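Source file: target00.txt. Holds: compact mmCIF, C-alpha atoms.
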```txt
# COMPACT_ATOMS: atom_id res chain seq x y z
CA MET A 2 0.00 0.00 0.00
CA GLY A 3 1.44 3.35 -1.04
CA LYS A 4 1.78 6.52 0.94
CA PRO A 5 -1.28 8.73 1.54
CA LEU A 6 -1.72 11.40 -1.13
CA PHE A 7 -1.09 14.16 1.43
CA TYR A 8 2.43 12.89 2.10
CA GLU A 9 3.17 12.53 -1.60
CA ILE A 10 2.10 16.14 -2.14
CA LEU A 11 4.50 17.22 0.61
CA GLU A 12 7.29 15.27 -1.09
CA LYS A 13 6.54 16.87 -4.47
CA PRO A 14 5.59 20.48 -3.61
CA ALA A 15 6.76 22.06 -6.89
CA THR A 16 5.06 19.39 -9.00
CA SER A 17 1.88 19.75 -6.96
CA CYS A 18 1.92 23.53 -7.46
CA ALA A 19 2.42 23.14 -11.23
CA ILE A 20 -0.53 20.74 -11.39
CA GLY A 21 -2.63 23.13 -9.31
CA ILE A 22 -1.76 26.10 -11.56
CA CYS A 23 -2.53 24.21 -14.78
CA SER A 24 -5.81 22.91 -13.34
CA ALA A 25 -6.87 26.38 -12.13
CA ILE A 26 -6.05 27.91 -15.53
CA TRP A 27 -8.00 25.17 -17.33
CA PHE A 28 -11.01 25.81 -15.06
CA TYR A 29 -10.78 29.57 -15.68
CA ILE A 30 -10.51 29.09 -19.46
CA GLN A 31 -13.55 26.79 -19.49
CA LYS A 32 -15.59 29.09 -17.28
CA SER A 33 -14.69 32.18 -19.33
CA ASN A 34 -15.22 30.45 -22.70
CA ILE A 35 -11.70 31.37 -23.84
CA GLY A 36 -10.61 29.54 -26.99
CA TYR A 37 -7.17 27.95 -27.19
CA SER A 38 -6.40 30.24 -30.14
CA HIS A 39 -6.49 33.16 -27.68
CA VAL A 40 -3.76 31.71 -25.44
CA GLY A 41 -1.90 29.28 -27.72
CA LEU A 42 1.42 29.79 -29.47
CA SER A 43 1.60 30.00 -33.27
CA TYR A 44 3.98 31.36 -35.87
CA GLU A 45 1.67 34.17 -36.91
CA THR A 46 1.06 35.39 -33.36
CA ALA A 47 4.80 35.30 -32.68
CA LEU A 48 5.38 37.53 -35.71
CA GLU A 49 2.82 39.93 -34.27
CA GLY A 50 4.88 40.19 -31.06
CA HIS A 51 2.66 38.04 -28.84
CA TYR A 52 5.67 36.64 -26.95
CA TRP A 53 3.55 36.28 -23.81
CA ARG A 54 1.95 33.26 -25.47
CA ILE A 55 5.12 31.25 -24.82
CA ILE A 56 4.03 31.20 -21.17
CA THR A 57 0.24 31.06 -21.51
CA SER A 58 0.39 28.26 -24.08
CA ALA A 59 2.45 26.06 -21.75
CA PHE A 60 -0.03 26.29 -18.86
CA SER A 61 -3.23 26.03 -20.94
CA HIS A 62 -5.01 22.87 -22.08
CA ILE A 63 -7.70 22.20 -24.67
CA SER A 64 -9.77 19.59 -22.84
CA VAL A 65 -10.01 17.81 -19.52
CA LEU A 66 -8.51 14.69 -21.14
CA HIS A 67 -5.56 16.75 -22.37
CA LEU A 68 -5.09 18.15 -18.86
CA VAL A 69 -5.40 14.77 -17.12
CA PHE A 70 -2.92 13.07 -19.45
CA ASN A 71 -0.27 15.76 -19.01
CA MET A 72 -0.74 16.10 -15.26
CA SER A 73 -0.65 12.33 -14.71
CA ALA A 74 2.67 12.12 -16.53
CA LEU A 75 3.97 15.18 -14.66
CA TRP A 76 3.04 13.65 -11.30
CA SER A 77 5.14 10.57 -12.09
CA LEU A 78 8.05 12.75 -13.22
CA GLY A 79 7.86 14.70 -9.95
CA VAL A 80 10.17 12.03 -8.55
CA VAL A 81 12.93 14.45 -9.63
CA GLU A 82 12.16 16.46 -6.48
CA GLN A 83 12.99 13.43 -4.33
CA LEU A 84 16.41 12.85 -5.89
CA GLY A 85 18.36 15.58 -4.15
CA HIS A 86 21.04 13.04 -3.19
CA LEU A 87 21.72 12.56 -6.91
CA GLY A 88 22.17 16.26 -7.63
CA LEU A 89 18.56 16.83 -8.61
CA GLY A 90 15.92 17.82 -6.02
CA MET A 91 13.31 20.56 -5.80
CA GLN A 92 15.64 23.49 -6.55
CA TYR A 93 16.97 21.75 -9.66
CA TYR A 94 13.39 20.98 -10.66
CA LEU A 95 12.26 24.61 -10.35
CA HIS A 96 15.30 26.02 -12.16
CA TYR A 97 15.08 23.75 -15.17
CA THR A 98 11.29 23.80 -15.41
CA LEU A 99 11.68 27.52 -16.15
CA VAL A 100 14.32 26.68 -18.76
CA LEU A 101 12.07 24.06 -20.35
CA VAL A 102 9.05 26.36 -20.54
CA VAL A 103 10.94 29.29 -22.11
CA LEU A 104 13.39 27.50 -24.41
CA SER A 105 10.88 24.92 -25.65
CA GLY A 106 8.50 27.71 -26.67
CA ILE A 107 11.27 29.60 -28.47
CA LEU A 108 12.40 26.38 -30.18
CA VAL A 109 8.85 25.66 -31.37
CA ILE A 110 8.72 29.06 -33.11
CA GLY A 111 12.19 28.49 -34.55
CA MET A 112 11.17 25.12 -35.98
CA TYR A 113 7.96 26.60 -37.43
CA HIS A 114 10.08 29.31 -39.08
CA ILE A 115 12.37 26.75 -40.74
CA LEU A 116 9.47 24.59 -41.92
CA ILE A 117 7.62 27.59 -43.36
CA GLN A 118 10.47 29.64 -44.83
CA LYS A 119 12.88 26.87 -45.85
CA PHE A 120 10.53 24.03 -46.79
CA LYS A 121 7.51 26.18 -47.75
CA LEU A 122 5.14 24.20 -45.51
CA GLU A 123 2.49 26.89 -45.07
CA TYR A 124 0.37 24.53 -42.97
CA PHE A 125 2.50 25.36 -39.93
CA ARG A 126 1.39 29.00 -40.05
CA ARG A 127 -1.99 27.83 -38.78
CA VAL A 128 -0.79 25.37 -36.15
CA THR A 129 -1.33 26.51 -32.56
CA ALA A 130 0.61 24.80 -29.76
CA VAL A 131 -1.07 24.46 -26.37
CA GLY A 132 -0.22 22.41 -23.29
CA TYR A 133 2.40 21.48 -20.71
CA SER A 134 3.67 18.60 -22.85
CA CYS A 135 6.93 20.35 -23.69
CA VAL A 136 7.85 20.36 -20.00
CA VAL A 137 6.61 16.78 -19.50
CA PHE A 138 8.69 15.50 -22.42
CA GLY A 139 11.64 17.59 -21.25
CA TRP A 140 11.66 16.04 -17.77
CA MET A 141 11.09 12.60 -19.24
CA THR A 142 14.22 13.10 -21.34
CA ILE A 143 16.31 14.51 -18.46
CA LEU A 144 15.41 11.49 -16.32
CA SER A 145 16.26 9.12 -19.19
CA VAL A 146 19.78 10.59 -19.15
CA LYS A 147 20.21 10.92 -15.38
CA GLN A 148 18.44 7.68 -14.36
CA PRO A 149 18.44 5.38 -17.44
CA SER A 150 17.68 2.23 -15.43
CA SER A 151 14.48 3.55 -13.81
CA LYS A 152 10.92 3.20 -15.09
CA LEU A 153 8.16 5.71 -15.70
CA ASN A 154 4.72 4.83 -14.35
CA LEU A 155 1.73 6.41 -16.11
CA PHE A 156 -1.88 6.27 -14.91
CA GLY A 157 -0.93 3.71 -12.26
CA PHE A 158 -0.79 0.77 -14.70
CA LEU A 159 1.43 1.71 -17.66
CA SER A 160 5.16 1.29 -16.98
CA LEU A 161 7.81 2.34 -19.51
CA PRO A 162 11.61 2.03 -19.35
CA ILE A 163 12.64 5.64 -18.86
CA SER A 164 15.55 5.36 -21.30
CA PHE A 165 13.11 4.83 -24.20
CA ALA A 166 10.16 6.76 -22.78
CA PRO A 167 10.68 10.10 -24.62
CA PHE A 168 10.54 8.69 -28.15
CA GLU A 169 8.10 5.91 -27.27
CA SER A 170 5.73 8.52 -25.88
CA LEU A 171 6.35 10.82 -28.87
CA ILE A 172 5.36 8.11 -31.36
CA PHE A 173 2.54 6.72 -29.21
CA THR A 174 0.99 10.16 -28.67
CA SER A 175 1.24 11.06 -32.37
CA ILE A 176 -0.61 7.85 -33.32
CA ILE A 177 -3.29 7.91 -30.62
CA VAL A 178 -3.83 11.69 -30.70
CA PRO A 179 -3.17 12.89 -34.28
CA GLN A 180 -3.81 16.54 -33.38
CA ALA A 181 -1.08 16.45 -30.71
CA SER A 182 1.78 18.87 -31.36
CA PHE A 183 4.66 16.72 -32.62
CA ILE A 184 6.85 19.83 -32.88
CA GLY A 185 6.01 20.89 -29.33
CA HIS A 186 6.81 17.46 -27.90
CA LEU A 187 10.02 17.21 -29.95
CA SER A 188 11.16 20.64 -28.75
CA GLY A 189 10.78 19.47 -25.14
CA ILE A 190 12.87 16.39 -25.90
CA ILE A 191 15.61 18.47 -27.55
CA VAL A 192 15.84 20.93 -24.64
CA GLY A 193 15.68 17.97 -22.22
CA TYR A 194 18.71 16.34 -23.84
CA ALA A 195 20.54 19.68 -23.81
CA VAL A 196 19.98 19.86 -20.04
CA GLY A 197 20.63 16.16 -19.38
CA TRP A 198 23.88 16.11 -21.34
CA GLY A 199 25.10 19.29 -19.68
CA LEU A 200 24.90 21.53 -22.76
CA ILE A 201 22.67 23.78 -20.67
CA HIS A 202 23.96 23.89 -17.13
CA GLY A 203 24.98 26.15 -14.27
CA MET A 204 21.48 27.29 -13.31
CA ASN A 205 21.51 28.61 -9.76
CA ASN A 206 19.25 30.96 -7.82
CA TYR A 207 20.88 34.05 -9.32
CA TRP A 208 20.45 32.95 -12.94
CA ALA A 209 16.98 31.55 -12.26
CA VAL A 210 15.78 34.85 -10.76
CA THR A 211 17.43 36.80 -13.59
CA MET A 212 15.79 34.62 -16.21
CA LEU A 213 12.45 34.83 -14.43
CA GLY A 214 12.73 38.61 -14.21
CA TRP A 215 13.42 39.00 -17.94
CA THR A 216 10.62 36.55 -18.72
CA VAL A 217 8.16 38.59 -16.66
CA LEU A 218 9.27 41.84 -18.32
CA VAL A 219 8.93 40.42 -21.84
CA PHE A 220 5.59 38.86 -20.87
CA VAL A 221 4.10 42.08 -19.51
CA PHE A 222 5.36 44.48 -22.18
CA SER A 223 4.56 42.15 -25.10
CA LEU A 224 1.09 41.71 -23.58
CA LYS A 225 0.71 45.48 -23.43
CA LYS A 226 2.05 46.03 -26.94
CA SER A 227 -0.28 43.40 -28.40
CA GLY A 228 -3.27 45.22 -26.93
CA THR A 229 -4.82 41.93 -25.84
CA PHE A 230 -5.50 43.27 -22.37
CA ASP A 231 -5.85 46.81 -21.08
CA LEU A 232 -2.68 47.61 -19.16
CA ASN A 233 -3.00 51.39 -18.93
CA PHE A 234 -1.55 51.34 -15.44
CA LEU A 235 1.81 50.70 -17.13
CA GLU A 236 1.61 53.88 -19.20
CA ILE A 237 4.52 56.26 -18.61
CA GLU A 238 3.85 59.81 -19.70
CA PRO A 239 6.72 62.09 -20.78
CA VAL A 240 7.27 65.10 -18.53
CA THR A 241 8.94 68.32 -19.65
CA ASP A 242 9.54 70.87 -16.94
CA PRO A 243 11.48 74.05 -17.91
CA SER A 244 12.57 74.47 -14.29
CA LEU A 245 14.46 71.18 -14.33
CA PRO A 246 18.09 71.20 -15.49
CA SER A 247 19.20 69.30 -18.58
CA VAL A 248 22.50 67.42 -18.75
CA ARG A 249 24.57 67.19 -21.93
CA PHE A 250 27.86 65.60 -22.93
CA PHE A 251 30.21 67.48 -25.25
CA ALA A 252 33.22 65.90 -26.97
CA ALA A 253 36.25 68.14 -26.57
CA GLY A 254 39.38 66.91 -28.31
CA THR A 255 40.15 63.43 -27.06
CA GLY A 256 38.17 63.86 -23.86
CA ARG A 257 34.63 64.67 -22.83
CA SER A 258 33.18 67.42 -20.67
CA LEU A 259 29.90 67.52 -18.78
CA GLN A 260 27.77 70.65 -18.88
CA MET A 261 24.58 71.33 -16.93
CA SER A 262 22.13 73.97 -18.04
CA THR A 263 18.86 75.22 -16.60
CA LEU A 264 17.52 75.70 -20.13
CA PRO A 265 15.28 72.89 -21.42
CA ASP A 266 16.68 70.60 -24.11
CA ALA A 267 14.25 70.61 -27.04
CA GLY A 268 15.33 67.11 -28.14
CA ALA A 269 14.91 65.27 -24.84
CA ASP A 270 12.02 64.47 -22.52
CA LEU A 271 12.35 63.44 -18.90
CA VAL A 272 10.35 60.23 -18.43
```
For this file, produce the structure as C-alpha cells.
Amino acid sequence: MGKPLFYEILEKPATSCAIGICSAIWFYIQKSNIGYSHVGLSYETALEGHYWRIITSAFSHISVLHLVFNMSALWSLGVVEQLGHLGLGMQYYLHYTLVLVVLSGILVIGMYHILIQKFKLEYFRRVTAVGYSCVVFGWMTILSVKQPSSKLNLFGFLSLPISFAPFESLIFTSIIVPQASFIGHLSGIIVGYAVGWGLIHGMNNYWAVTMLGWTVLVFVFSLKKSGTFDLNFLEIEPVTDPSLPSVRFFAAGTGRSLQMSTLPDAGADLV
C-alpha cells in the first residue's frame, strides 16, 4: 500500500503547485469560454509580437482529457524532487522547469520558421501549440539521461523504461492523438537532452531569478504592446519641466566634458 496522497504532495511540492496552476487555468478558461487560439502559441502570433503566449500556451489545455494526461505524466516525473542526493531535487526541478518552458517555446517558433520559410510548408502557419507537454517531455528526457535504469509509471498501470520513454511517448501520442503537437513534444525532448547532457547547465538561484525577471518583463510588455489586455496602469507619460536642469555631454578633443544647463533641451524628454 502506497503513501497517503497528502504525504506525496509534501514530497513533491513544486510538482503539486504546477498541477494546481494548470488545473486552475484550465477551469478559468472553461468558465470564461476562452478559446485555445487566444492563449496558444503560433507562428503568426509570434510575428505579431505576442511573446507572452510562450508562457500562456504552456499552462493552458484544450480539454479535460488533455489536462489529465499531461498532469498524470507530470506527477510521475515529480520524482525528480525526491532525488536531491543525486544532484537533482526541488531546486533543480524549479530552475530547469523555467528553462524548459521558455526554451521549448522559443524552439517551437524556430522550428515553425524553418518549416515555413525553408521548406515552404504553409500549414504550420496555422498550427497553434497548447499544453504542458513540452515540460513533461523535457523532464522525461532529463530522467532518461540521469536515471536510465528507472521506469516511468503512467496512470498507475502503464510502466515504460525511462531510457526509451521520450521517443516511445512521442510516437505513441502522435498515433493515438493525431492533433497532438509533434513539434512541441520534440522541442521538449531536444531541450531535455541539452539539459541532461550538460549543454545547458549552471542554473543557480541568481540565474533563475534573472531569467524569471526578464521573462516577466517580456511577458508584460509584449502583452501590453499586443493590446490583448488593457494595461494602462503601465503607461509612462513624458514630462517636460522648464525648471528642471538638462544634462549634456560634449566631446572636446580626445576627452569629454559635462555641462549642466537650466535651459530645457528641445530634443529630450524626462520620463
Name the residues in contact with range 11-28 of chain A at a cut-off of 12 Å, using only C-alpha atoms, excluding same-chain residues fewer than 4 positions from it; report them as a PyMOL selection string. chain A and resi 4-7+32-37+40+56-85+90-99+102+131-134+136-137+140
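Coordinates place CA of Gly193 in chain A at a distance of 18.2 Å from CA of Ala130 in chain A.
Nearest residue to Ala195 in chain A among A:Val128, A:Ser105, A:Tyr52, A:Ser43 is A:Ser105, counting only C-alpha atoms.
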Nearest residue to Leu224 in chain A out of A:Tyr113, A:Trp53, A:Tyr8, A:Phe165, using only C-alpha atoms? A:Trp53
Would you kindly identify which residues have an atom no farther than 12 Å from (2.5, 28.6, -42.3), using all atoms listed in the file and the file's own coordinates, and write them out as JSON, numbers by chain? {"A": [43, 44, 45, 46, 47, 48, 110, 112, 113, 114, 115, 116, 117, 118, 119, 120, 121, 122, 123, 124, 125, 126, 127, 128, 129]}
Could you write those residues out with C-alpha atoms, as an mmCIF file, keeping the file's coordinate frame?
```cif
data_model
loop_
_atom_site.group_PDB
_atom_site.id
_atom_site.type_symbol
_atom_site.label_atom_id
_atom_site.label_comp_id
_atom_site.auth_asym_id
_atom_site.auth_seq_id
_atom_site.Cartn_x
_atom_site.Cartn_y
_atom_site.Cartn_z
ATOM 1 C CA SER A 43 1.600 30.000 -33.270
ATOM 2 C CA TYR A 44 3.980 31.360 -35.870
ATOM 3 C CA GLU A 45 1.670 34.170 -36.910
ATOM 4 C CA THR A 46 1.060 35.390 -33.360
ATOM 5 C CA ALA A 47 4.800 35.300 -32.680
ATOM 6 C CA LEU A 48 5.380 37.530 -35.710
ATOM 7 C CA ILE A 110 8.720 29.060 -33.110
ATOM 8 C CA MET A 112 11.170 25.120 -35.980
ATOM 9 C CA TYR A 113 7.960 26.600 -37.430
ATOM 10 C CA HIS A 114 10.080 29.310 -39.080
ATOM 11 C CA ILE A 115 12.370 26.750 -40.740
ATOM 12 C CA LEU A 116 9.470 24.590 -41.920
ATOM 13 C CA ILE A 117 7.620 27.590 -43.360
ATOM 14 C CA GLN A 118 10.470 29.640 -44.830
ATOM 15 C CA LYS A 119 12.880 26.870 -45.850
ATOM 16 C CA PHE A 120 10.530 24.030 -46.790
ATOM 17 C CA LYS A 121 7.510 26.180 -47.750
ATOM 18 C CA LEU A 122 5.140 24.200 -45.510
ATOM 19 C CA GLU A 123 2.490 26.890 -45.070
ATOM 20 C CA TYR A 124 0.370 24.530 -42.970
ATOM 21 C CA PHE A 125 2.500 25.360 -39.930
ATOM 22 C CA ARG A 126 1.390 29.000 -40.050
ATOM 23 C CA ARG A 127 -1.990 27.830 -38.780
ATOM 24 C CA VAL A 128 -0.790 25.370 -36.150
ATOM 25 C CA THR A 129 -1.330 26.510 -32.560
#
```
Could you tell me how far CA of Thr216 in chain A lies from CA of Val100 in chain A, in Å and to one decimal? 10.5 Å
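Take CA of Val219 in chain A and CA of His51 in chain A: the distance between them is 9.7 Å.
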Contacts of Lys152 in chain A within 10 Å, all atoms listed in the file, excl. fewer than 6 positions in-chain, as an MDAnalysis selection string: chainID A and resid 77 144:145 159:166
